[in-house]
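Asker: I'm passing along query_18.cif; it holds mmCIF, C-alpha atoms.
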```cif
data_work
#
loop_
_atom_site.label_atom_id
_atom_site.label_comp_id
_atom_site.auth_asym_id
_atom_site.auth_seq_id
_atom_site.Cartn_x
_atom_site.Cartn_y
_atom_site.Cartn_z
CA MET A 1097 94.35 125.85 60.42
CA LEU A 1098 90.74 126.62 61.30
CA PRO A 1099 89.68 130.24 60.73
CA GLY A 1100 90.54 132.33 63.76
CA SER A 1101 91.83 129.34 65.71
CA GLY A 1102 95.53 130.16 65.51
CA ASP A 1103 98.06 127.43 66.31
CA LEU A 1104 96.36 124.48 67.98
CA GLY A 1105 99.60 123.07 69.28
CA GLY A 1106 100.14 120.67 66.41
CA TYR A 1107 96.58 119.34 66.34
CA GLY A 1108 95.08 121.88 63.96
CA VAL A 1109 94.86 121.41 60.20
CA THR A 1110 95.39 124.03 57.56
CA THR A 1111 92.04 124.72 55.95
CA ASN A 1112 91.04 127.20 53.31
CA PRO A 1113 88.24 129.47 54.65
CA SER A 1114 86.34 129.11 51.37
CA GLU A 1115 86.42 125.33 51.81
CA VAL A 1116 85.08 125.70 55.34
CA ALA A 1117 82.17 127.77 54.06
CA THR A 1118 81.09 124.96 51.68
CA ASP A 1119 81.93 122.00 53.92
CA PRO A 1120 78.71 120.16 54.92
CA TYR A 1121 80.08 119.81 58.45
CA TYR A 1122 79.65 123.56 58.97
CA GLN A 1123 76.19 123.78 57.41
CA HIS A 1124 74.23 122.31 60.30
CA SER A 1125 71.46 124.38 61.87
CA TYR A 1126 71.43 124.50 65.63
CA THR A 1127 68.43 124.82 67.90
CA VAL A 1128 68.85 127.19 70.83
CA ARG A 1129 67.14 125.44 73.71
CA PRO A 1130 65.85 127.39 76.71
CA LEU A 1131 67.85 127.18 79.92
CA ASN A 1132 66.50 125.57 83.07
CA HIS A 1133 66.45 128.72 85.17
CA HIS A 1134 65.49 126.82 88.31
CA LEU A 1135 68.96 125.21 88.38
CA TYR A 1136 70.64 128.55 89.00
CA ASP A 1137 71.13 130.35 92.28
CA PRO A 1138 68.79 133.30 92.81
CA ALA A 1139 70.13 136.82 92.41
CA LEU A 1140 71.70 138.30 95.51
CA LYS A 1141 69.54 140.70 97.49
CA VAL A 1142 70.99 143.97 98.70
CA SER A 1143 68.25 144.45 101.25
CA PRO A 1144 64.73 143.20 102.00
CA SER A 1145 63.32 146.60 101.05
CA THR A 1146 60.41 146.81 98.67
CA GLY A 1147 58.27 149.50 97.13
CA ALA A 1148 59.39 152.82 95.72
CA ASP A 1149 63.13 152.16 96.07
CA ARG A 1150 62.84 149.04 93.88
CA VAL A 1151 61.00 150.53 90.93
CA TYR A 1152 63.63 149.38 88.44
CA THR A 1153 64.80 146.21 90.21
CA SER A 1154 63.34 143.00 88.81
CA ASP A 1155 62.89 139.98 91.06
CA THR A 1156 63.87 137.81 88.09
CA LEU A 1157 66.90 139.84 86.99
CA ARG A 1158 69.10 136.87 86.05
CA GLU A 1159 66.32 135.21 84.07
CA ASP A 1160 65.48 138.47 82.30
CA LEU A 1161 69.10 138.96 81.23
CA LEU A 1162 69.38 135.37 80.02
CA LYS A 1163 66.22 135.74 77.97
CA ARG A 1164 67.62 138.88 76.36
CA SER A 1165 70.79 136.99 75.52
CA GLU A 1166 68.75 134.17 73.99
CA THR A 1167 66.78 136.70 71.94
CA ILE A 1168 70.01 138.20 70.58
CA TRP A 1169 71.26 134.75 69.56
CA ALA A 1170 67.93 133.91 67.93
CA ALA A 1171 67.99 137.20 66.05
CA SER A 1172 71.55 136.61 64.85
CA PHE A 1173 70.61 133.17 63.54
CA SER A 1174 67.46 134.42 61.79
CA SER A 1175 69.38 137.28 60.14
CA GLU A 1176 71.59 134.83 58.25
CA GLY A 1177 70.44 134.68 54.66
CA SER A 1178 68.14 137.69 55.01
CA ASN A 1179 67.72 139.94 52.00
CA MET A 1180 69.40 142.99 53.46
CA PRO A 1181 70.47 145.53 50.82
CA GLU A 1182 74.01 145.28 49.49
CA SER A 1183 74.01 148.77 48.00
CA VAL A 1184 72.79 151.98 49.58
CA ASN A 1185 72.30 155.57 48.52
CA THR A 1186 72.39 158.81 50.43
CA LEU A 1187 69.33 160.88 51.20
CA LEU A 1188 68.05 163.19 48.51
CA HIS A 1189 67.95 166.40 50.54
CA GLU A 1190 71.20 167.51 52.11
CA ALA A 1191 69.29 169.32 54.87
CA ALA A 1192 67.40 166.13 55.72
CA PHE A 1193 70.72 164.32 55.93
CA ALA A 1194 71.97 166.99 58.34
CA ALA A 1195 68.98 166.21 60.60
CA VAL A 1196 69.96 162.55 60.56
CA GLU A 1197 73.51 163.44 61.56
CA LYS A 1198 72.16 165.31 64.59
CA TRP A 1199 70.21 162.27 65.74
CA VAL A 1200 73.17 159.96 65.13
CA ARG A 1201 75.33 162.15 67.37
CA LEU A 1202 72.70 162.25 70.12
CA SER A 1203 73.21 159.56 72.74
CA HIS A 1204 70.77 159.38 75.64
CA PRO A 1205 69.72 156.43 77.84
CA SER A 1206 66.03 157.13 77.21
CA ILE A 1207 66.29 157.33 73.41
CA VAL A 1208 66.80 154.37 71.08
CA LYS A 1209 69.97 155.43 69.32
CA LEU A 1210 69.84 155.99 65.57
CA LYS A 1211 72.85 154.42 63.84
CA GLU A 1212 72.26 155.55 60.27
CA ALA A 1213 69.59 156.23 57.64
CA PHE A 1214 69.87 155.58 53.91
CA THR A 1215 67.90 154.94 50.76
CA THR A 1216 68.14 151.81 48.65
CA LYS A 1217 66.57 150.15 45.62
CA ALA A 1218 67.39 146.63 46.81
CA PHE A 1219 63.74 145.89 47.61
CA GLY A 1220 62.48 146.78 44.14
CA ASP A 1221 61.44 150.31 45.02
CA HIS A 1222 62.88 153.50 46.53
CA SER A 1223 63.10 152.47 50.19
CA LEU A 1224 64.19 154.55 53.14
CA VAL A 1225 65.92 152.48 55.84
CA PHE A 1226 66.51 153.53 59.45
CA VAL A 1227 68.99 151.54 61.53
CA TYR A 1228 68.54 151.68 65.32
CA ASP A 1229 70.08 149.91 68.29
CA PHE A 1230 68.50 146.53 69.02
CA HIS A 1231 66.89 146.04 72.43
CA PRO A 1232 65.99 142.35 72.83
CA GLY A 1233 62.65 141.52 74.38
CA ALA A 1234 61.36 145.09 74.18
CA GLN A 1235 57.70 145.93 73.75
CA ASN A 1236 55.94 149.25 73.45
CA LEU A 1237 53.79 150.71 76.19
CA TYR A 1238 50.68 150.11 74.14
CA SER A 1239 51.35 146.36 74.18
CA ALA A 1240 52.41 146.39 77.82
CA HIS A 1241 49.53 148.33 79.35
CA ILE A 1242 46.71 148.83 76.87
CA ALA A 1243 46.48 146.11 74.21
CA LEU A 1244 45.65 143.33 76.65
CA ASP A 1245 42.91 140.74 76.42
CA PRO A 1246 39.93 142.17 78.38
CA LEU A 1247 38.92 138.61 79.28
CA ALA A 1248 42.32 137.67 80.67
CA SER A 1249 42.94 137.13 84.35
CA GLY A 1250 45.63 138.73 86.43
CA PRO A 1251 46.53 142.10 87.96
CA ARG A 1252 46.66 143.89 84.58
CA ALA A 1253 43.32 142.75 83.19
CA PRO A 1254 40.83 144.00 82.19
CA TRP A 1255 42.83 146.72 80.52
CA ASN A 1256 40.42 149.67 80.31
CA LEU A 1257 39.83 151.72 83.44
CA GLY A 1258 36.21 152.08 82.41
CA HIS A 1259 35.74 148.54 83.67
CA PRO A 1260 34.89 148.39 87.39
CA ASN A 1261 37.56 145.73 88.08
CA ALA A 1262 40.37 147.42 86.16
CA LYS A 1263 43.54 148.50 87.95
CA PRO A 1264 45.58 151.59 87.03
CA ILE A 1265 49.31 151.55 86.39
CA PRO A 1266 51.07 151.96 89.77
CA GLU A 1267 51.94 155.58 90.45
CA ASP A 1268 55.64 154.82 91.03
CA THR A 1269 55.74 153.16 87.60
CA LEU A 1270 53.98 156.08 85.92
CA TRP A 1271 56.40 158.53 87.55
CA ALA A 1272 59.34 156.45 86.28
CA TYR A 1273 57.93 156.68 82.74
CA ILE A 1274 57.31 160.41 83.04
CA ILE A 1275 60.81 161.26 84.28
CA GLN A 1276 62.53 159.15 81.61
CA VAL A 1277 60.44 160.64 78.81
CA ALA A 1278 61.04 164.14 80.16
CA GLY A 1279 64.78 163.46 80.14
CA ALA A 1280 64.64 162.35 76.51
CA ILE A 1281 62.67 165.45 75.50
CA LYS A 1282 65.13 167.73 77.28
CA ALA A 1283 68.10 166.09 75.57
CA ALA A 1284 66.53 166.52 72.13
CA HIS A 1285 65.34 170.09 72.71
CA GLU A 1286 68.72 171.22 74.01
CA GLN A 1287 70.29 170.01 70.76
CA GLY A 1288 67.84 172.02 68.67
CA MET A 1289 65.65 169.06 67.70
CA ALA A 1290 62.09 167.88 68.27
CA LEU A 1291 60.84 164.34 68.75
CA ARG A 1292 57.66 164.73 66.65
CA LEU A 1293 56.65 161.09 67.27
CA LEU A 1294 55.82 160.85 70.96
CA ASP A 1295 53.12 158.24 71.15
CA VAL A 1296 52.27 155.28 73.37
CA SER A 1297 53.21 152.96 70.50
CA LYS A 1298 56.62 154.63 70.08
CA VAL A 1299 57.80 154.30 73.68
CA LEU A 1300 59.62 151.01 74.22
CA LEU A 1301 59.64 149.13 77.52
CA THR A 1302 63.11 147.50 77.58
CA GLY A 1303 63.25 146.40 81.22
CA LYS A 1304 61.31 146.72 84.44
CA ASN A 1305 59.85 150.25 84.18
CA ARG A 1306 62.73 151.15 81.82
CA VAL A 1307 61.57 153.03 78.73
CA ARG A 1308 63.21 154.45 75.60
CA LEU A 1309 61.73 156.62 72.88
CA ASP A 1310 61.76 154.97 69.47
CA CYS A 1311 61.52 156.17 65.85
CA CYS A 1312 63.17 159.52 66.52
CA SER A 1313 64.16 161.42 63.35
CA VAL A 1314 61.66 159.57 61.14
CA LEU A 1315 59.41 162.57 60.54
CA ASP A 1316 62.44 164.84 60.14
CA ILE A 1317 63.05 162.98 56.88
CA LEU A 1318 59.62 161.77 55.77
CA SER A 1319 58.04 165.16 56.41
CA TRP A 1320 61.08 167.33 55.83
CA ASN A 1321 60.05 170.96 55.62
CA PRO A 1322 62.59 173.74 56.22
CA THR A 1323 59.81 176.26 56.91
CA LEU A 1324 58.54 174.50 60.05
CA SER A 1325 59.13 176.38 63.29
CA LEU A 1326 61.34 174.48 65.74
CA GLU A 1327 59.66 176.26 68.64
CA LEU A 1328 56.27 175.07 67.45
CA LEU A 1329 57.49 171.49 67.00
CA GLN A 1330 58.97 171.44 70.48
CA GLN A 1331 55.71 172.80 71.87
CA GLU A 1332 53.88 169.94 70.15
CA ASP A 1333 56.26 167.53 71.88
CA LEU A 1334 55.09 168.81 75.26
CA ILE A 1335 51.44 168.54 74.25
CA ALA A 1336 52.05 164.97 73.08
CA PHE A 1337 53.74 164.33 76.41
CA GLY A 1338 50.63 165.45 78.25
CA LYS A 1339 48.44 163.24 76.05
CA LEU A 1340 50.74 160.31 76.78
CA ILE A 1341 50.22 160.77 80.53
CA TYR A 1342 46.44 160.72 80.10
CA VAL A 1343 46.56 157.69 77.80
CA LEU A 1344 48.68 155.73 80.29
CA GLY A 1345 46.78 157.02 83.31
CA CYS A 1346 43.46 155.96 81.80
CA ARG A 1347 44.91 152.99 79.90
CA ASP A 1348 42.95 154.07 76.87
CA VAL A 1349 44.37 155.48 73.63
CA ASN A 1350 41.14 157.43 73.11
CA ALA A 1351 41.04 158.82 76.62
CA LEU A 1352 41.01 162.48 75.55
CA ASP A 1353 38.07 161.97 73.22
CA ALA A 1354 36.07 162.41 76.41
CA ALA A 1355 38.31 164.92 78.17
CA PRO A 1356 36.16 165.53 81.31
CA LYS A 1357 35.99 161.79 81.98
CA ALA A 1358 39.73 161.38 81.40
CA ILE A 1359 40.51 164.22 83.83
CA ASP A 1360 38.20 162.69 86.44
CA THR A 1361 39.79 159.24 85.99
CA LEU A 1362 43.28 160.65 86.42
CA MET A 1363 42.25 162.61 89.52
CA ARG A 1364 40.74 159.52 91.15
CA SER A 1365 43.72 157.27 90.35
CA TYR A 1366 46.78 159.47 90.92
CA SER A 1367 48.19 162.24 93.05
CA SER A 1368 47.65 165.92 92.41
CA ALA A 1369 51.27 166.26 91.22
CA ILE A 1370 50.63 164.02 88.21
CA ASN A 1371 47.32 165.71 87.47
CA ASN A 1372 48.86 169.19 87.62
CA LEU A 1373 51.72 168.14 85.34
CA ALA A 1374 49.40 166.60 82.75
CA TYR A 1375 47.15 169.67 82.77
CA PHE A 1376 50.16 171.98 82.47
CA LEU A 1377 51.48 170.11 79.43
CA LEU A 1378 48.16 170.29 77.61
CA SER A 1379 47.79 174.00 78.23
CA LYS A 1380 48.83 175.68 74.96
CA SER A 1381 50.12 178.83 76.62
CA ASN A 1382 50.72 180.59 79.91
CA LYS A 1383 49.70 184.11 80.75
CA LYS A 1384 52.28 186.36 82.35
CA LYS A 1385 52.10 189.94 83.49
CA VAL A 1386 54.90 192.42 82.96
CA ARG A 1387 54.89 195.84 84.57
CA GLY A 1388 57.20 198.67 83.56
CA ALA A 1389 57.77 201.71 81.40
CA SER A 1390 57.27 199.65 78.27
CA SER A 1391 53.67 198.94 79.16
CA ILE A 1392 51.15 200.49 76.84
CA GLN A 1393 48.93 201.35 79.76
CA ALA A 1394 49.74 202.32 83.27
CA GLY A 1395 48.51 198.91 84.31
CA ALA A 1396 49.96 195.60 83.13
CA LEU A 1397 50.88 194.31 79.71
CA ILE A 1398 49.67 190.73 79.29
CA TYR A 1399 51.31 188.44 76.75
CA PHE A 1400 51.49 184.69 76.09
CA VAL A 1401 54.55 182.52 76.60
CA ARG A 1402 54.80 178.87 75.55
CA GLN A 1403 55.95 176.18 77.94
CA THR A 1404 59.45 174.76 77.81
CA ILE A 1405 60.84 171.47 78.97
CA ASP A 1406 62.81 173.30 81.66
CA GLU A 1407 59.53 174.37 83.27
CA VAL A 1408 58.45 170.74 83.23
CA TRP A 1409 61.60 169.75 85.09
CA VAL A 1410 60.90 172.35 87.76
CA LYS A 1411 57.62 170.55 88.42
CA LEU A 1412 59.43 167.19 88.48
CA ALA A 1413 62.02 168.30 91.03
CA PRO A 1414 60.10 167.11 94.16
CA ARG A 1415 59.95 163.62 92.72
CA MET A 1416 63.66 163.32 91.93
CA ALA A 1417 64.71 162.21 95.44
CA ALA A 1418 62.53 159.08 95.24
CA GLU A 1419 63.63 158.43 91.66
CA THR A 1420 67.30 158.73 92.61
CA ALA A 1421 66.79 156.26 95.47
CA SER A 1422 65.25 153.78 93.01
CA LEU A 1423 68.18 154.12 90.62
CA PHE A 1424 70.75 153.66 93.41
CA SER A 1425 68.89 150.57 94.62
CA TYR A 1426 68.97 149.17 91.09
CA ALA A 1427 72.69 149.94 90.76
CA ASP A 1428 73.38 148.14 94.07
CA THR A 1429 71.48 145.09 92.85
CA LEU A 1430 73.44 145.00 89.59
CA GLU A 1431 76.75 145.34 91.44
CA ASN A 1432 75.86 142.47 93.75
CA GLN A 1433 74.77 140.37 90.79
CA MET A 1434 78.04 141.14 89.02
CA MET A 1435 80.01 140.14 92.13
CA ALA A 1436 78.31 136.75 91.99
CA GLU A 1437 79.46 136.33 88.39
CA LEU A 1438 83.04 137.54 88.75
CA GLU A 1439 84.52 134.09 89.35
CA ASN A 1440 82.87 132.44 86.33
CA ALA A 1441 85.92 132.95 84.11
CA ARG A 1442 88.19 131.36 86.71
CA LEU A 1443 86.00 128.24 86.91
CA VAL A 1444 85.78 128.02 83.13
CA ARG A 1445 89.57 128.01 82.89
CA LEU A 1446 89.67 125.24 85.48
CA LEU A 1447 87.10 123.20 83.53
CA ALA A 1448 89.17 123.69 80.38
CA LYS A 1449 92.23 122.30 82.14
CA LEU A 1450 90.27 119.24 83.25
CA GLY A 1451 88.97 118.74 79.72
CA PHE A 1452 92.43 118.99 78.20
CA VAL A 1453 93.97 116.53 80.66
CA ASN A 1454 91.33 113.81 81.08
CA GLU A 1455 91.55 110.67 78.91
CA ARG A 1456 93.57 111.97 75.99
CA PRO A 1457 93.62 109.14 73.40
CA ASP A 1458 96.89 110.32 71.86
CA PHE A 1459 98.71 109.71 75.18
CA SER A 1460 96.98 106.48 76.15
CA ARG A 1461 100.25 104.46 76.05
CA GLU A 1462 102.27 106.85 78.21
CA GLN A 1463 102.72 105.94 81.85
CA ARG A 1464 101.83 109.36 83.21
CA TRP A 1465 98.45 109.26 81.42
CA SER A 1466 97.66 105.59 82.14
CA GLU A 1467 95.15 104.18 84.57
CA THR A 1468 97.95 103.61 87.09
CA GLY A 1469 99.66 106.97 86.77
CA ASP A 1470 99.33 109.97 89.01
CA ARG A 1471 96.93 111.57 86.52
CA TYR A 1472 94.46 108.82 87.25
CA ILE A 1473 93.51 110.92 90.26
CA ILE A 1474 92.25 113.62 87.91
CA LYS A 1475 90.00 111.14 86.12
CA LEU A 1476 88.56 109.93 89.43
CA PHE A 1477 88.06 113.52 90.54
CA ARG A 1478 86.14 114.24 87.32
CA ASP A 1479 83.81 111.34 88.14
CA PHE A 1480 83.49 112.57 91.74
CA VAL A 1481 82.41 116.01 90.57
CA PHE A 1482 80.22 115.25 87.57
CA HIS A 1483 79.21 111.58 87.70
CA GLN A 1484 77.63 111.23 91.13
CA VAL A 1485 74.71 108.79 91.40
CA ASP A 1486 72.12 108.16 94.09
CA GLU A 1487 71.35 104.85 95.82
CA MET A 1488 69.17 103.84 92.86
CA GLY A 1489 71.93 104.49 90.36
CA ASN A 1490 70.27 107.62 88.96
CA PRO A 1491 72.50 110.56 87.94
CA VAL A 1492 72.66 113.39 90.48
CA MET A 1493 72.66 116.87 88.89
CA ASN A 1494 73.77 119.05 91.78
CA MET A 1495 75.14 122.40 90.62
CA GLY A 1496 75.99 123.34 94.20
CA HIS A 1497 78.21 120.26 94.55
CA VAL A 1498 79.97 121.01 91.25
CA LEU A 1499 80.67 124.65 92.09
CA SER A 1500 81.81 123.80 95.61
CA CYS A 1501 84.29 121.16 94.39
CA LEU A 1502 85.69 123.38 91.64
CA ASN A 1503 86.17 126.31 94.00
CA LYS A 1504 87.96 124.08 96.53
CA LEU A 1505 90.17 122.68 93.79
CA ASP A 1506 91.06 126.13 92.53
CA ALA A 1507 91.96 127.22 96.06
CA GLY A 1508 93.92 124.00 96.68
CA ILE A 1509 92.69 123.54 100.25
CA GLU A 1510 93.77 120.74 102.56
CA GLU A 1511 90.33 119.14 102.78
CA ARG A 1512 90.44 115.45 101.87
CA ILE A 1513 87.93 113.50 99.79
CA MET A 1514 87.61 109.83 98.86
CA LEU A 1515 87.77 109.03 95.15
CA VAL A 1516 86.34 105.67 94.07
CA SER A 1517 86.97 103.96 90.75
CA ARG A 1518 84.04 103.11 88.50
CA ASP A 1519 84.37 99.38 89.24
CA GLU A 1520 84.53 100.20 92.97
CA GLN A 1521 87.65 98.05 93.30
CA SER A 1522 89.96 100.84 94.40
CA CYS A 1523 89.70 104.11 96.25
CA LEU A 1524 92.03 106.97 97.04
CA VAL A 1525 91.91 109.53 99.82
CA VAL A 1526 93.49 112.75 98.60
CA SER A 1527 93.31 116.45 99.35
CA TYR A 1528 92.23 119.16 96.94
CA LYS A 1529 95.79 120.50 97.20
CA GLU A 1530 97.20 117.23 95.89
CA ILE A 1531 94.63 117.09 93.07
CA LYS A 1532 95.52 120.62 92.07
CA SER A 1533 99.20 119.74 92.00
CA CYS A 1534 98.50 116.76 89.73
CA LEU A 1535 96.36 118.89 87.42
CA ASP A 1536 98.93 121.68 87.14
CA SER A 1537 101.71 119.20 86.50
CA ALA A 1538 99.77 117.38 83.78
CA PHE A 1539 98.67 120.57 82.10
CA LYS A 1540 102.20 121.94 81.93
#
```
Let me see whether you can do it: turn the structure in this file into structure tokens.

Answerer:
Amino acid sequence: MLPGSGDLGGYGVTTNPSEVATDPYYQHSYTVRPLNHHLYDPALKVSPSTGADRVYTSDTLREDLLKRSETIWAASFSSEGSNMPESVNTLLHEAAFAAVEKWVRLSHPSIVKLKEAFTTKAFGDHSLVFVYDFHPGAQNLYSAHIALDPLASGPRAPWNLGHPNAKPIPEDTLWAYIIQVAGAIKAAHEQGMALRLLDVSKVLLTGKNRVRLDCCSVLDILSWNPTLSLELLQQEDLIAFGKLIYVLGCRDVNALDAAPKAIDTLMRSYSSAINNLAYFLLSKSNKKKVRGASSIQAGALIYFVRQTIDEVWVKLAPRMAAETASLFSYADTLENQMMAELENARLVRLLAKLGFVNERPDFSREQRWSETGDRYIIKLFRDFVFHQVDEMGNPVMNMGHVLSCLNKLDAGIEERIMLVSRDEQSCLVVSYKEIKSCLDSAFK
């Protein structure tokens, strides 16, 4: 019996799994060929709306998902035979390991989830390995918006806003990035952690305007220091957040080397809300006045208070209505796309039935499977669905015809079709209901 196949109804053979592993038949390498996306129906549209409410909705959603699936398959094939370590060790410092456990427990849609971290000597040295969730087809924001060929053509080139023909990142896109990063920071800070690696090269773009923070917890281990102030580290996260906005707004990693120019560029390209937020994040402290009996003087006692991520979210509140509309629009698109795919399993089962019944060599002598039996109709129907030819004798690949015929067969409607033999010497006029009855009877 083949591994995992179970009982094949008398047609399976009992095989030792170790023999299967060494059998040359199972050692072939397979090439994953790209799909012809133009043969598929386009994704369903929920509405003709465009703009802000479609920030996350890709016009090539089906193709994007298929490419991600292909990337996962390619990665699984390439991982076979890789020199991954067979033995692992725990981290040296128990406190550092506790930090890893915090990140492992943290699950947030804007943070690439850490699965585990361990040390190993499998690579000939003392290696520290971090295991994160895999997001196929992802690229960082540096690659997506900054590291582009300045001589390339298209809406995103040249990449540096210092060039007179350069175009900034759309404001809706930048707001989407800002809100997702702010959500990730809030989730980490509320759990008593700091990101410590918030950089344009550490923010992954995993879908249309969909970002996730990568490499979280790395510095908690590599630069483990129990004396570091958590409040200070979280404050540095906010400063890094402000720098990230300027880098993306100017599309230049060195934007703040010339701060006045960067501020001017951001003011000319974006709304005052983005400018005020970026300036607020880069301000190291806020001044507040407190009046009362505790004041040293009769006037006011002035002291400095550091920003918190909650204050950032207060500034983001006016933008949340538009962001929520974008997310709902994206959810509607996904639901409609899923509705279009719901019946796939039903059609696959129907195709399996046809495959099991048609032209079985082991039953070739039995009357009910012969060319003159009732099941001959099923063979002619298979040719009608899949072996259509045009007037020149060329094969016709019409996915719409295939899906229409299979759906009608599954429903068993009364519509009649003419089935013609391959030698064109005989023809039958039957209904889908009659074909379905023949198929069910043969399958049972």

Asker: Please provide as a ChimeraX atom specification all residues within 9 Å of Thr1153 in chain A, with the sequence filter that same-chain residues fewer than 5 positions apart are discarded (counting only C-alpha atoms).

Answerer: /A:1304-1305,1422-1423,1425-1427,1429-1430

Asker: Would you please work out which residue, of A:Asp1316, A:Asp1406, A:Asp1360, A:Glu1267, is nearest to Glu1286 in chain A when using only C-alpha atoms?

Answerer: A:Asp1406

Asker: Quick one: which residues end up in the PyMOL selection byres ((chain A and resi 1281-1285) around 12) for this structure, as a ChimeraX atom specification?

Answerer: /A:1195,1198-1207,1209,1274-1280,1286-1294,1308-1309,1312-1313,1326-1337,1404-1409

Asker: Please produce a file of the residues just selected, as a compact mmCIF listing (two decimals), in the coordinates of the input, where the atoms kept are C-alpha atoms.

Answerer:
```txt
# COMPACT_ATOMS: atom_id res chain seq x y z
CA ALA A 1195 68.98 166.21 60.60
CA LYS A 1198 72.16 165.31 64.59
CA TRP A 1199 70.21 162.27 65.74
CA VAL A 1200 73.17 159.96 65.13
CA ARG A 1201 75.33 162.15 67.37
CA LEU A 1202 72.70 162.25 70.12
CA SER A 1203 73.21 159.56 72.74
CA HIS A 1204 70.77 159.38 75.64
CA PRO A 1205 69.72 156.43 77.84
CA SER A 1206 66.03 157.13 77.21
CA ILE A 1207 66.29 157.33 73.41
CA LYS A 1209 69.97 155.43 69.32
CA ILE A 1274 57.31 160.41 83.04
CA ILE A 1275 60.81 161.26 84.28
CA GLN A 1276 62.53 159.15 81.61
CA VAL A 1277 60.44 160.64 78.81
CA ALA A 1278 61.04 164.14 80.16
CA GLY A 1279 64.78 163.46 80.14
CA ALA A 1280 64.64 162.35 76.51
CA GLU A 1286 68.72 171.22 74.01
CA GLN A 1287 70.29 170.01 70.76
CA GLY A 1288 67.84 172.02 68.67
CA MET A 1289 65.65 169.06 67.70
CA ALA A 1290 62.09 167.88 68.27
CA LEU A 1291 60.84 164.34 68.75
CA ARG A 1292 57.66 164.73 66.65
CA LEU A 1293 56.65 161.09 67.27
CA LEU A 1294 55.82 160.85 70.96
CA ARG A 1308 63.21 154.45 75.60
CA LEU A 1309 61.73 156.62 72.88
CA CYS A 1312 63.17 159.52 66.52
CA SER A 1313 64.16 161.42 63.35
CA LEU A 1326 61.34 174.48 65.74
CA GLU A 1327 59.66 176.26 68.64
CA LEU A 1328 56.27 175.07 67.45
CA LEU A 1329 57.49 171.49 67.00
CA GLN A 1330 58.97 171.44 70.48
CA GLN A 1331 55.71 172.80 71.87
CA GLU A 1332 53.88 169.94 70.15
CA ASP A 1333 56.26 167.53 71.88
CA LEU A 1334 55.09 168.81 75.26
CA ILE A 1335 51.44 168.54 74.25
CA ALA A 1336 52.05 164.97 73.08
CA PHE A 1337 53.74 164.33 76.41
CA THR A 1404 59.45 174.76 77.81
CA ILE A 1405 60.84 171.47 78.97
CA ASP A 1406 62.81 173.30 81.66
CA GLU A 1407 59.53 174.37 83.27
CA VAL A 1408 58.45 170.74 83.23
CA TRP A 1409 61.60 169.75 85.09
```

Asker: Need to verify the contact set: range 1219-1232 of chain A, 7 Å, all atoms listed in the file, exclusion of same-chain residues closer than 3 positions in sequence. Can you return it as a ChimeraX atom specification?

Answerer: /A:1164,1167-1168,1208-1216,1302

Asker: Could you state which residues are captured by the PyMOL selection byres ((chain A and resi 1482-1484) around 12) in this file, as a ChimeraX atom specification?

Answerer: /A:1447,1450,1475-1481,1485-1502,1515-1518

Asker: Can you tell me, as a list in words, which residues sit within 10 Å of (49.6, 171.1, 79.5) in the file's frame, using all atoms listed in the file?

Answerer: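 It turns out the residues near that spot are Gln1331, Leu1334, Ile1335, Ala1336, Phe1337, Gly1338, Lys1339, Asn1371, Asn1372, Leu1373, Ala1374, Tyr1375, Phe1376, Leu1377, Leu1378, Ser1379, Lys1380, Ser1381, Asn1382, Gln1403 and Val1408 of chain A.
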
Asker: Export, as a PDB file, in the frame of the given file, the selected residues with C-alpha atoms.

Answerer:
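File produced: out25.pdb:
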```
ATOM      1  CA  GLN A1331      55.710 172.800  71.870  1.00  0.00           C
ATOM      2  CA  LEU A1334      55.090 168.810  75.260  1.00  0.00           C
ATOM      3  CA  ILE A1335      51.440 168.540  74.250  1.00  0.00           C
ATOM      4  CA  ALA A1336      52.050 164.970  73.080  1.00  0.00           C
ATOM      5  CA  PHE A1337      53.740 164.330  76.410  1.00  0.00           C
ATOM      6  CA  GLY A1338      50.630 165.450  78.250  1.00  0.00           C
ATOM      7  CA  LYS A1339      48.440 163.240  76.050  1.00  0.00           C
ATOM      8  CA  ASN A1371      47.320 165.710  87.470  1.00  0.00           C
ATOM      9  CA  ASN A1372      48.860 169.190  87.620  1.00  0.00           C
ATOM     10  CA  LEU A1373      51.720 168.140  85.340  1.00  0.00           C
ATOM     11  CA  ALA A1374      49.400 166.600  82.750  1.00  0.00           C
ATOM     12  CA  TYR A1375      47.150 169.670  82.770  1.00  0.00           C
ATOM     13  CA  PHE A1376      50.160 171.980  82.470  1.00  0.00           C
ATOM     14  CA  LEU A1377      51.480 170.110  79.430  1.00  0.00           C
ATOM     15  CA  LEU A1378      48.160 170.290  77.610  1.00  0.00           C
ATOM     16  CA  SER A1379      47.790 174.000  78.230  1.00  0.00           C
ATOM     17  CA  LYS A1380      48.830 175.680  74.960  1.00  0.00           C
ATOM     18  CA  SER A1381      50.120 178.830  76.620  1.00  0.00           C
ATOM     19  CA  ASN A1382      50.720 180.590  79.910  1.00  0.00           C
ATOM     20  CA  GLN A1403      55.950 176.180  77.940  1.00  0.00           C
ATOM     21  CA  VAL A1408      58.450 170.740  83.230  1.00  0.00           C
TER      22      VAL A1408
END
```

Asker: As AutoDock Vina command-line options, please: the centre and edge lengths in Å, to one decimal, of an axis-aligned box enclosing every listed atom of range 1475-1484 of chain A with 5 Å added on each side.

Answerer:
```
--center_x 83.8 --center_y 113.0 --center_z 88.9 --size_x 22.4 --size_y 16.1 --size_z 15.6
```

Asker: Grab the CA of Met1514 in chain A to CA of Glu1455 in chain A distance for me, in Å with one decimal place.

Answerer: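 Straight-line distance from CA of Met1514 in chain A to CA of Glu1455 in chain A works out to 20.4 Å.
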